[in-house]
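Source file: protein29.cif (mmCIF, C-alpha atoms and all ligand atoms)
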data_data
#
loop_
_atom_site.label_atom_id
_atom_site.label_comp_id
_atom_site.auth_asym_id
_atom_site.auth_seq_id
_atom_site.Cartn_x
_atom_site.Cartn_y
_atom_site.Cartn_z
CA MET A 1033 22.07 -0.95 47.36
CA HIS A 1034 25.28 -2.59 46.12
CA ILE A 1035 25.94 -6.29 46.76
CA ILE A 1036 29.65 -7.04 46.93
CA THR A 1037 31.46 -10.35 47.32
CA LEU A 1038 33.73 -10.20 50.37
CA ILE A 1039 36.63 -12.66 50.58
CA PRO A 1040 38.34 -12.34 53.99
CA GLY A 1041 41.21 -14.62 52.94
CA ASP A 1042 43.91 -15.98 55.26
CA GLY A 1043 46.43 -14.77 57.83
CA ILE A 1044 45.89 -11.06 58.47
CA GLY A 1045 43.16 -11.07 55.79
CA PRO A 1046 40.14 -11.44 58.12
CA GLU A 1047 41.44 -8.69 60.47
CA ILE A 1048 42.14 -6.09 57.81
CA ILE A 1049 38.94 -6.97 55.94
CA ARG A 1050 36.86 -6.62 59.14
CA GLU A 1051 38.38 -3.20 59.88
CA THR A 1052 38.03 -2.00 56.29
CA VAL A 1053 34.37 -3.02 56.22
CA ARG A 1054 33.80 -1.16 59.52
CA LEU A 1055 35.41 1.92 57.99
CA ILE A 1056 33.33 1.74 54.80
CA GLU A 1057 30.15 1.30 56.80
CA SER A 1058 30.95 4.37 58.92
CA THR A 1059 30.59 6.51 55.77
CA GLY A 1060 27.01 5.39 55.21
CA ALA A 1061 27.77 3.62 51.90
CA ASP A 1062 24.85 1.35 51.07
CA ILE A 1063 26.52 -2.04 50.68
CA LYS A 1064 25.46 -5.60 51.46
CA TRP A 1065 28.39 -8.02 51.74
CA GLU A 1066 28.25 -11.58 50.48
CA ILE A 1067 30.99 -13.36 52.44
CA LYS A 1068 32.86 -16.17 50.65
CA GLU A 1069 35.81 -18.25 51.71
CA ALA A 1070 38.83 -18.86 49.49
CA GLY A 1071 42.41 -19.90 50.17
CA ASN A 1072 43.77 -22.00 52.99
CA SER A 1073 40.63 -21.71 55.11
CA ALA A 1074 38.47 -22.88 52.21
CA PHE A 1075 40.89 -25.71 51.49
CA LEU A 1076 40.72 -26.99 55.07
CA LYS A 1077 36.90 -26.93 55.06
CA HIS A 1078 36.00 -27.85 51.50
CA GLY A 1079 39.19 -29.36 50.04
CA ASP A 1080 39.37 -26.62 47.42
CA VAL A 1081 41.24 -23.29 47.55
CA LEU A 1082 38.71 -21.67 45.25
CA PRO A 1083 35.28 -23.25 45.74
CA TYR A 1084 32.86 -22.91 42.85
CA ASP A 1085 30.50 -20.60 44.74
CA VAL A 1086 33.20 -17.91 45.11
CA LEU A 1087 33.40 -17.45 41.36
CA GLU A 1088 29.60 -17.67 41.07
CA SER A 1089 29.23 -14.94 43.67
CA ILE A 1090 31.68 -12.61 41.89
CA LYS A 1091 30.00 -13.33 38.57
CA ASN A 1092 26.62 -12.40 40.06
CA ASN A 1093 27.78 -9.31 41.96
CA ARG A 1094 30.49 -8.23 39.49
CA VAL A 1095 32.61 -6.67 42.23
CA ALA A 1096 34.69 -8.29 45.01
CA LEU A 1097 36.83 -7.01 47.87
CA LYS A 1098 39.47 -9.57 48.71
CA GLY A 1099 41.93 -10.13 51.56
CA PRO A 1100 45.30 -11.77 50.91
CA ILE A 1101 45.30 -15.53 50.49
CA THR A 1102 47.90 -18.03 51.62
CA THR A 1103 48.89 -20.39 48.85
CA PRO A 1104 49.06 -23.80 50.58
CA VAL A 1105 52.55 -25.27 50.37
CA GLY A 1106 52.89 -28.38 48.24
CA ASP A 1107 52.72 -29.44 44.65
CA GLY A 1108 49.64 -28.98 42.55
CA PHE A 1109 48.09 -25.99 44.29
CA ARG A 1110 46.81 -23.45 41.90
CA SER A 1111 47.53 -19.77 42.44
CA ILE A 1112 44.17 -18.30 43.30
CA ASN A 1113 45.07 -14.88 41.98
CA VAL A 1114 46.06 -16.32 38.62
CA LEU A 1115 42.88 -18.43 38.57
CA LEU A 1116 40.65 -15.47 39.37
CA ARG A 1117 42.32 -13.39 36.68
CA LYS A 1118 41.82 -16.14 34.14
CA GLU A 1119 38.29 -17.20 35.06
CA LEU A 1120 37.00 -13.63 35.23
CA ASP A 1121 39.17 -12.31 32.38
CA LEU A 1122 40.50 -9.51 34.59
CA TYR A 1123 42.77 -8.18 31.88
CA SER A 1124 43.90 -4.95 33.53
CA ASN A 1125 45.80 -4.52 36.75
CA LEU A 1126 45.79 -1.03 38.17
CA ARG A 1127 48.15 0.22 40.79
CA ILE A 1128 47.62 3.70 42.15
CA ILE A 1129 50.89 5.17 43.40
CA LYS A 1130 50.48 8.19 45.61
CA ASN A 1131 52.37 9.90 48.42
CA TYR A 1132 50.74 10.45 51.78
CA LYS A 1133 52.33 12.89 54.19
CA GLY A 1134 53.63 11.06 57.24
CA VAL A 1135 54.55 7.93 55.28
CA PRO A 1136 58.33 7.75 54.94
CA SER A 1137 59.44 8.16 51.31
CA ARG A 1138 62.28 9.78 49.41
CA TYR A 1139 59.90 11.69 47.14
CA GLU A 1140 57.01 14.13 47.27
CA ASN A 1141 54.01 14.82 45.03
CA ILE A 1142 53.85 11.46 43.31
CA ASP A 1143 50.42 10.65 41.93
CA LEU A 1144 50.58 8.15 39.12
CA VAL A 1145 48.66 5.13 37.93
CA ILE A 1146 50.11 1.98 36.46
CA VAL A 1147 47.91 0.09 34.02
CA ARG A 1148 49.42 -3.36 33.53
CA GLU A 1149 48.18 -5.93 31.02
CA ASN A 1150 47.26 -9.00 33.02
CA THR A 1151 46.71 -11.93 30.65
CA GLU A 1152 49.41 -12.14 27.95
CA ASP A 1153 53.16 -11.79 27.45
CA LEU A 1154 55.70 -14.21 28.98
CA TYR A 1155 53.20 -14.84 31.81
CA ILE A 1156 51.37 -17.33 29.62
CA GLY A 1157 54.22 -19.55 30.82
CA ILE A 1158 54.87 -21.53 27.63
CA GLU A 1159 58.42 -22.72 28.18
CA HIS A 1160 60.44 -25.73 27.22
CA MET A 1161 63.96 -27.06 27.31
CA ILE A 1162 65.86 -27.50 24.08
CA GLY A 1163 68.14 -30.36 24.98
CA ASP A 1164 69.88 -29.95 28.33
CA ASP A 1165 71.60 -26.68 27.75
CA ALA A 1166 69.04 -24.25 26.39
CA ALA A 1167 65.54 -23.15 27.33
CA GLU A 1168 62.91 -21.25 25.40
CA SER A 1169 60.00 -19.14 26.60
CA ILE A 1170 57.31 -17.80 24.31
CA LYS A 1171 56.14 -14.20 24.50
CA ILE A 1172 52.64 -13.74 23.15
CA PHE A 1173 50.96 -10.42 22.36
CA THR A 1174 47.65 -10.27 20.53
CA ARG A 1175 46.09 -7.29 18.78
CA LYS A 1176 42.97 -7.72 20.93
CA GLY A 1177 45.06 -7.83 24.13
CA CYS A 1178 47.06 -4.73 23.21
CA GLU A 1179 44.04 -2.78 22.03
CA ARG A 1180 41.94 -3.43 25.11
CA ILE A 1181 44.67 -2.52 27.61
CA VAL A 1182 45.66 0.66 25.77
CA ARG A 1183 42.04 1.68 25.42
CA PHE A 1184 41.47 0.93 29.10
CA ALA A 1185 44.36 3.26 30.02
CA PHE A 1186 43.05 6.11 27.87
CA ASP A 1187 39.45 5.65 29.06
CA TYR A 1188 40.69 5.63 32.65
CA ALA A 1189 42.72 8.81 32.04
CA ARG A 1190 39.68 10.52 30.51
CA LYS A 1191 37.33 9.41 33.30
CA GLU A 1192 39.73 10.42 36.08
CA ASN A 1193 40.69 13.68 34.38
CA ARG A 1194 44.32 12.71 34.03
CA LYS A 1195 46.51 14.53 31.55
CA LYS A 1196 49.09 12.16 30.12
CA VAL A 1197 49.46 8.49 29.11
CA THR A 1198 52.95 7.01 28.71
CA ALA A 1199 53.24 3.73 26.76
CA VAL A 1200 56.20 1.72 28.03
CA HIS A 1201 57.88 -0.77 25.67
CA LYS A 1202 61.07 -2.24 24.25
CA ALA A 1203 60.03 -1.99 20.61
CA ASN A 1204 63.56 -1.09 19.51
CA ILE A 1205 64.53 -4.72 20.18
CA MET A 1206 61.25 -6.66 20.14
CA LYS A 1207 59.90 -5.19 16.96
CA MET A 1208 56.94 -7.53 16.54
CA THR A 1209 55.54 -8.00 20.07
CA ASP A 1210 56.40 -4.67 21.68
CA GLY A 1211 56.32 -3.09 18.21
CA MET A 1212 52.66 -4.05 17.81
CA PHE A 1213 51.85 -2.79 21.32
CA LEU A 1214 53.49 0.57 20.53
CA SER A 1215 51.92 0.99 17.13
CA ILE A 1216 48.46 0.25 18.62
CA ALA A 1217 49.12 2.78 21.40
CA ARG A 1218 50.07 5.43 18.82
CA THR A 1219 46.92 4.79 16.80
CA ILE A 1220 44.52 4.73 19.76
CA SER A 1221 46.09 7.85 21.30
CA LYS A 1222 44.73 9.87 18.35
CA GLU A 1223 41.19 9.18 19.58
CA TYR A 1224 41.97 11.05 22.81
CA PRO A 1225 43.30 14.43 21.65
CA GLU A 1226 42.86 16.04 25.08
CA ILE A 1227 45.31 13.54 26.63
CA GLN A 1228 49.03 13.93 26.00
CA PHE A 1229 50.65 10.75 24.65
CA GLU A 1230 54.24 9.81 25.31
CA GLU A 1231 56.32 6.68 24.59
CA MET A 1232 59.20 5.45 26.68
CA ILE A 1233 61.59 2.51 26.42
CA VAL A 1234 61.31 0.45 29.61
CA ASP A 1235 64.93 0.84 30.76
CA ALA A 1236 64.80 4.61 30.34
CA MET A 1237 61.47 4.55 32.17
CA CYS A 1238 63.14 2.98 35.22
CA MET A 1239 65.75 5.72 35.32
CA LYS A 1240 63.25 8.53 34.85
CA LEU A 1241 60.91 7.17 37.51
CA VAL A 1242 63.74 7.16 40.02
CA GLN A 1243 64.84 10.67 38.99
CA SER A 1244 61.52 12.49 38.68
CA PRO A 1245 58.45 10.32 39.33
CA GLU A 1246 56.21 13.34 39.88
CA VAL A 1247 56.05 14.11 36.13
CA TYR A 1248 54.25 10.86 35.27
CA ASP A 1249 50.51 10.38 35.24
CA VAL A 1250 49.19 7.15 33.66
CA LEU A 1251 51.62 4.45 32.48
CA VAL A 1252 50.40 1.59 30.27
CA LEU A 1253 52.57 -1.50 30.06
CA PRO A 1254 52.62 -5.10 28.87
CA ASN A 1255 52.47 -7.72 31.64
CA LEU A 1256 56.14 -8.30 32.50
CA TYR A 1257 57.30 -4.67 32.44
CA GLY A 1258 54.13 -3.80 34.36
CA ASP A 1259 54.97 -6.32 37.07
CA ILE A 1260 58.46 -4.91 37.59
CA ILE A 1261 57.60 -1.22 37.31
CA SER A 1262 54.64 -1.68 39.72
CA ASP A 1263 56.94 -2.77 42.52
CA LEU A 1264 59.53 -0.12 41.66
CA CYS A 1265 56.79 2.50 41.99
CA ALA A 1266 55.44 1.02 45.25
CA GLY A 1267 58.96 1.53 46.60
CA LEU A 1268 58.79 5.22 45.66
CA VAL A 1269 55.87 5.84 48.03
CA GLY A 1270 56.64 3.72 51.08
CA GLY A 1271 56.45 0.10 49.94
CA LEU A 1272 53.84 -2.55 49.30
CA GLY A 1273 51.90 -1.58 52.45
CA PHE A 1274 50.70 1.48 50.56
CA ALA A 1275 49.95 -0.14 47.23
CA PRO A 1276 46.36 -1.05 46.38
CA GLY A 1277 45.76 -3.62 43.68
CA VAL A 1278 42.80 -3.45 41.37
CA ASN A 1279 42.00 -6.12 38.77
CA ILE A 1280 39.40 -5.11 36.22
CA GLY A 1281 37.97 -6.84 33.16
CA THR A 1282 35.07 -6.05 30.87
CA GLU A 1283 32.52 -7.43 33.30
CA PHE A 1284 34.10 -7.95 36.72
CA ALA A 1285 36.44 -6.23 39.16
CA VAL A 1286 38.41 -7.57 42.15
CA PHE A 1287 39.94 -5.13 44.64
CA GLU A 1288 42.71 -6.24 47.02
CA ALA A 1289 45.94 -5.29 48.80
CA VAL A 1290 49.15 -6.17 47.02
CA HIS A 1291 50.89 -7.67 50.06
CA GLY A 1292 50.45 -11.26 51.23
CA SER A 1293 48.72 -12.85 54.23
CA ALA A 1294 51.62 -12.08 56.64
CA PRO A 1295 51.23 -15.25 58.73
CA ASP A 1296 53.98 -14.01 61.10
CA ILE A 1297 51.72 -11.27 62.47
CA ALA A 1298 48.29 -12.83 61.91
CA GLY A 1299 45.73 -12.66 64.73
CA LYS A 1300 47.61 -9.97 66.68
CA ASN A 1301 45.64 -6.93 65.54
CA ILE A 1302 48.85 -5.16 64.49
CA ALA A 1303 48.73 -5.38 60.68
CA ASN A 1304 48.57 -2.20 58.65
CA PRO A 1305 45.25 -2.18 56.76
CA THR A 1306 46.17 0.87 54.60
CA ALA A 1307 46.76 -0.98 51.32
CA LEU A 1308 43.38 -2.70 51.59
CA ILE A 1309 41.71 0.57 52.57
CA LEU A 1310 43.26 2.26 49.51
CA SER A 1311 41.89 -0.55 47.40
CA ALA A 1312 38.47 -0.15 49.00
CA ILE A 1313 38.61 3.56 48.11
CA GLN A 1314 39.10 2.58 44.47
CA MET A 1315 36.22 0.11 44.78
CA LEU A 1316 33.91 2.81 46.15
CA ARG A 1317 34.83 5.09 43.25
CA PHE A 1318 34.22 2.21 40.84
CA ILE A 1319 30.68 1.62 42.17
CA ASN A 1320 30.05 5.38 42.20
CA GLU A 1321 30.07 5.84 45.97
CA LYS A 1322 32.47 8.72 45.40
CA GLU A 1323 31.52 10.68 48.51
CA SER A 1324 32.32 7.74 50.78
CA ALA A 1325 35.62 7.25 48.96
CA LEU A 1326 36.58 10.89 49.45
CA LYS A 1327 35.63 10.86 53.13
CA ILE A 1328 37.84 7.83 53.79
CA GLU A 1329 40.76 9.15 51.76
CA ASN A 1330 40.76 12.57 53.45
CA ALA A 1331 40.41 11.12 56.95
CA MET A 1332 43.10 8.51 56.38
CA ALA A 1333 45.50 11.11 54.95
CA ALA A 1334 44.92 13.28 58.05
CA VAL A 1335 45.61 10.38 60.44
CA LEU A 1336 48.77 9.40 58.56
CA GLU A 1337 49.97 13.00 58.52
CA GLU A 1338 49.40 13.41 62.28
CA GLY A 1339 51.37 10.21 62.74
CA LYS A 1340 50.10 9.64 66.30
CA THR A 1341 47.82 6.68 65.75
CA VAL A 1342 49.59 4.62 63.11
CA THR A 1343 50.68 0.99 63.03
CA ARG A 1344 54.07 -0.42 63.98
CA ASP A 1345 55.38 -1.00 60.45
CA ILE A 1346 55.53 2.79 59.92
CA GLY A 1347 56.92 3.61 63.33
CA GLY A 1348 53.74 3.87 65.40
CA THR A 1349 52.31 1.78 68.24
CA ALA A 1350 48.62 1.64 67.31
CA THR A 1351 46.73 -1.57 66.73
CA THR A 1352 44.89 -2.17 63.46
CA SER A 1353 41.56 -1.33 65.08
CA ALA A 1354 42.86 1.77 66.92
CA TYR A 1355 44.16 3.15 63.61
CA VAL A 1356 40.78 2.54 61.96
CA ASP A 1357 38.94 4.01 65.01
CA GLU A 1358 40.98 7.18 64.55
CA ILE A 1359 40.09 7.38 60.84
CA ILE A 1360 36.40 6.90 61.73
CA ASN A 1361 36.65 9.67 64.37
CA HIS A 1362 37.98 12.01 61.69
CA ILE A 1363 35.11 11.09 59.38
CA LEU A 1364 32.51 11.69 62.08
CA GLU A 1365 34.07 15.03 63.12
CA ASN A 1366 34.10 16.43 59.56
P1 LIG A 1401 53.74 -11.05 52.94
O1 LIG A 1401 53.43 -9.83 52.15
O2 LIG A 1401 52.60 -11.77 53.53
O3 LIG A 1401 54.75 -10.66 54.13
C1 LIG A 1401 56.05 -10.11 53.94
C2 LIG A 1401 56.44 -9.29 55.20
O4 LIG A 1401 55.67 -8.08 55.22
C3 LIG A 1401 56.14 -10.01 56.52
O5 LIG A 1401 57.14 -9.68 57.45
C4 LIG A 1401 54.82 -9.42 56.96
O6 LIG A 1401 54.64 -9.40 58.37
C5 LIG A 1401 54.90 -8.00 56.40
N1 LIG A 1401 53.55 -7.48 56.06
C6 LIG A 1401 52.81 -7.84 54.97
N2 LIG A 1401 51.65 -7.19 54.98
C7 LIG A 1401 51.65 -6.40 56.07
C8 LIG A 1401 50.72 -5.48 56.62
N3 LIG A 1401 49.54 -5.24 56.04
N4 LIG A 1401 51.03 -4.85 57.78
C9 LIG A 1401 52.22 -5.05 58.38
N5 LIG A 1401 53.16 -5.91 57.90
C10 LIG A 1401 52.88 -6.58 56.76
O7 LIG A 1401 54.58 -12.02 51.98
P2 LIG A 1401 55.00 -13.55 52.19
O8 LIG A 1401 55.41 -13.79 53.58
O9 LIG A 1401 55.95 -13.81 51.08
O10 LIG A 1401 53.69 -14.39 51.85
C11 LIG A 1401 52.83 -14.95 52.81
C12 LIG A 1401 51.68 -15.65 52.11
O11 LIG A 1401 50.91 -14.69 51.38
C13 LIG A 1401 52.13 -16.69 51.09
O12 LIG A 1401 51.32 -17.84 51.24
C14 LIG A 1401 51.88 -16.06 49.75
O13 LIG A 1401 51.56 -17.00 48.77
C15 LIG A 1401 50.68 -15.18 50.06
N6 LIG A 1401 50.54 -14.02 49.15
C16 LIG A 1401 49.26 -13.70 48.78
C17 LIG A 1401 49.01 -12.60 47.99
C18 LIG A 1401 47.60 -12.29 47.63
O14 LIG A 1401 46.68 -12.99 48.01
N7 LIG A 1401 47.34 -11.21 46.89
C19 LIG A 1401 50.11 -11.74 47.50
C20 LIG A 1401 51.41 -12.13 47.99
C21 LIG A 1401 51.60 -13.25 48.79
#
Let me see whether you can do it: turn the structure in this file into structure tokens.
Amino acid sequence: MHIITLIPGDGIGPEIIRETVRLIESTGADIKWEIKEAGNSAFLKHGDVLPYDVLESIKNNRVALKGPITTPVGDGFRSINVLLRKELDLYSNLRIIKNYKGVPSRYENIDLVIVRENTEDLYIGIEHMIGDDAAESIKIFTRKGCERIVRFAFDYARKENRKKVTAVHKANIMKMTDGMFLSIARTISKEYPEIQFEEMIVDAMCMKLVQSPEVYDVLVLPNLYGDIISDLCAGLVGGLGFAPGVNIGTEFAVFEAVHGSAPDIAGKNIANPTALILSAIQMLRFINEKESALKIENAMAAVLEEGKTVTRDIGGTATTSAYVDEIINHILEN
């Protein structure tokens, strides 16, 4: 049996988490959930957005499924996602970008994975003013940081039987930071002869992704380029509602949707749970419940393709639970 930390979160979080759990359980996956509160709800009860026992639970169970969290408005609140990343050293952020028939998109046959470095680069946030009229921000890359993210991308490609890794950089201009990233990628690529290695300057990458995204497989990027390209790619397949987010470190993994807590539609049972379900599929693969993952993915793809029982944001009229009921029906019928 797997024990997994479950963080319902805020806004639409508890609804989409409840439905996703119901879906997972319908496949027979052997999981016990340890429910923990974080975010606004935790703040109101315990005066802390990320109570100590949430981190303890993830550290014990190693895997968490997380709903979106509202960052309370006001000074001094810490971003929970940043805190989780830091405390658990979740150095890689994976975004799986895939087309599903029935989901409006300008493209077909996209199936790529973005591996974004999650802990270094300009995101360290070391900035200062130089007098009144200039500002400086420090971009930090370390050999350890570059090596582990590049190796993660190649290991992922090997494990998932993917064919190509593209390292995205701007080493022509930033010869030390991006230059080190690229040179490490070149060296490590030699250890994976069965995987094609390709390098691409980030601006050219943007153009090529818009022209022919179907030719890309695994992209590995430093933090800032990864952030931007992730959203560009989500836009290629129907937006953030279809983008699962996976944060993985050496020891722990946190699976979530990329979108926020959508307070404007919270409590109405109309949110689209697809992004969280896609993330849960990745979680099931991660814990080796591959059959359950496949069942959910096939059934969800069928329901999306039929287009009859889908949520309002993609042109349907179904509630969150009716959509999930339909996916469960497909699982039980097949
Ligand atoms: P948002 O993603 O919550 O909402 C933007 C728009 O998309 C809204 O109109 C919303 O109704 C819609 N939307 C989002 N998810 C949807 C879904 N599953 N189904 C149907 N419609 C959906 O972004 P917003 O409004 O900027 O942020 C709201 C709160 O969420 C903020 O407190 C923010 O800090 C937090 N947030 C949390 C994240 C996380 O925990 N991973 C990520 C992004 C934002």
Legend entry - At most 7 Å from ligand LIG 1401 (chain A) (all atoms listed in the file): residue list as number ranges by chain: A: 1099-1104, 1113, 1273, 1288-1297, 1302-1305, 1307, 1345
Give, as JSON, the centre coordinates and the x, y and z edge lengths in Å to one decimal for an axis-aligned box around all listed atoms of region 1221-1229 of chain A, padded by 3 Å on each side.
{"center_x": 45.9, "center_y": 11.9, "center_z": 22.5, "size_x": 15.5, "size_y": 14.2, "size_z": 14.3}
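Checking A:Leu1316, A:His1362, A:Val1114, A:Ile1142 one by one against Ile1156 (chain A), counting all atoms listed in the file, you find the shortest gap at A:Val1114.
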Inset, instruction - Rounded to one decimal place, report the CA of Ile1049 (chain A)-CA of Ala1331 (chain A) distance in Å. - result: 18.2 Å
Inset, instruction - Give the answer as one residue: which of A:Ser1058, A:Asn1093, A:Thr1352, A:Ser1124 has the shortest atom-to-atom distance to Asn1301 (chain A), using all atoms listed in the file? - result: A:Thr1352
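Considering the residues A:Ile1129, A:Cys1178, A:Ile1172, A:Leu1253 and counting all atoms listed in the file, Leu1272 (chain A) has its shortest atom-to-atom contact with A:Ile1129.
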Inset, instruction - Might you pull out every residue within 10 Å of Lys1064 (chain A), with all atoms listed in the file counted and same-chain residues fewer than 2 positions away left off, and present them as a PyMOL selection string? - result: chain A and resi 1033-1038+1057+1061-1062+1066-1067
Inset, instruction - List every protein, DNA or RNA residue with an atom no more than 9 Å from (41.8, -18.1, 51.2) in the file's coordinates, counting all atoms listed in the file, and format the result as a list in words. - result: Ile1039, Pro1040, Gly1041, Asp1042, Gly1043, Gly1045, Glu1069, Ala1070, Gly1071, Asn1072, Ser1073, Ala1074, Phe1075, Val1081, Leu1082, Gly1099, Pro1100, Ile1101, Thr1102, Thr1103 and Ile1112 of chain A
Inset, instruction - Tell me which of A:Tyr1224, A:Thr1059, A:Ala1185, A:Val1234 sits closest to Met1206 (chain A), counting only C-alpha atoms. - result: A:Val1234
Legend entry - Counting only C-alpha atoms, the option among A:Ile1090, A:Ile1205, A:Leu1122, A:Ala1189 closest to Val1145 (chain A): A:Ala1189
Legend entry - Interatomic distance, CA of Ile1063 (chain A) to CA of Arg1050 (chain A) (Å, one decimal): 14.1 Å
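Note that CA of Phe1184 (chain A) and CA of Glu1226 (chain A) are 15.7 Å apart.
Distances from A:Tyr1248, A:Asn1361, A:Ser1353, A:Leu1336 to Pro1136 (chain A) were compared using all atoms listed in the file, and the smallest one belongs to A:Leu1336.
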Env of Arg1138 (chain A): 12 Å cut, atoms = only C-alpha atoms, seq-sep filter 3 positions within chain, self excluded. Answer as a compact mmCIF listing (two decimals) with C-alpha atoms, in the frame of the given file.
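Saved as out-v6.txt:
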# COMPACT_ATOMS: atom_id res chain seq x y z
CA ASN A 1131 52.37 9.90 48.42
CA TYR A 1132 50.74 10.45 51.78
CA LYS A 1133 52.33 12.89 54.19
CA GLY A 1134 53.63 11.06 57.24
CA VAL A 1135 54.55 7.93 55.28
CA ASN A 1141 54.01 14.82 45.03
CA ILE A 1142 53.85 11.46 43.31
CA VAL A 1242 63.74 7.16 40.02
CA GLN A 1243 64.84 10.67 38.99
CA SER A 1244 61.52 12.49 38.68
CA PRO A 1245 58.45 10.32 39.33
CA GLU A 1246 56.21 13.34 39.88
CA CYS A 1265 56.79 2.50 41.99
CA ALA A 1266 55.44 1.02 45.25
CA GLY A 1267 58.96 1.53 46.60
CA LEU A 1268 58.79 5.22 45.66
CA VAL A 1269 55.87 5.84 48.03
CA GLY A 1270 56.64 3.72 51.08
CA GLY A 1271 56.45 0.10 49.94
Inset, instruction - With a distance cut-off of 9 Å and only C-alpha atoms, select the neighbouring residues of Met1315 (chain A), excluding the residue or stretch itself and same-chain residues fewer than 5 positions from it, and output the selection as a PyMOL selection string. - result: chain A and resi 1095-1097+1278+1285-1287+1310+1320-1321+1325
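With all atoms listed in the file taken into account, the protein and nucleic acid residues at most 9 Å from Glu1051 (chain A) (excluding it and anything under 2 positions from it in its own chain) are A:Pro1046, A:Glu1047, A:Ile1048, A:Ile1049, A:Val1053, A:Arg1054, A:Leu1055, A:Ile1056, A:Pro1305, A:Ile1309, A:Thr1352, A:Ser1353, A:Val1356, A:Asp1357.
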Just write the chosen residues, C-alpha atoms, as an mmCIF file, in the coordinates of the input.
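And here is the file that came out, part11.cif:
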data_model
loop_
_atom_site.group_PDB
_atom_site.id
_atom_site.type_symbol
_atom_site.label_atom_id
_atom_site.label_comp_id
_atom_site.auth_asym_id
_atom_site.auth_seq_id
_atom_site.Cartn_x
_atom_site.Cartn_y
_atom_site.Cartn_z
ATOM 1 C CA PRO A 1046 40.140 -11.440 58.120
ATOM 2 C CA GLU A 1047 41.440 -8.690 60.470
ATOM 3 C CA ILE A 1048 42.140 -6.090 57.810
ATOM 4 C CA ILE A 1049 38.940 -6.970 55.940
ATOM 5 C CA VAL A 1053 34.370 -3.020 56.220
ATOM 6 C CA ARG A 1054 33.800 -1.160 59.520
ATOM 7 C CA LEU A 1055 35.410 1.920 57.990
ATOM 8 C CA ILE A 1056 33.330 1.740 54.800
ATOM 9 C CA PRO A 1305 45.250 -2.180 56.760
ATOM 10 C CA ILE A 1309 41.710 0.570 52.570
ATOM 11 C CA THR A 1352 44.890 -2.170 63.460
ATOM 12 C CA SER A 1353 41.560 -1.330 65.080
ATOM 13 C CA VAL A 1356 40.780 2.540 61.960
ATOM 14 C CA ASP A 1357 38.940 4.010 65.010
#
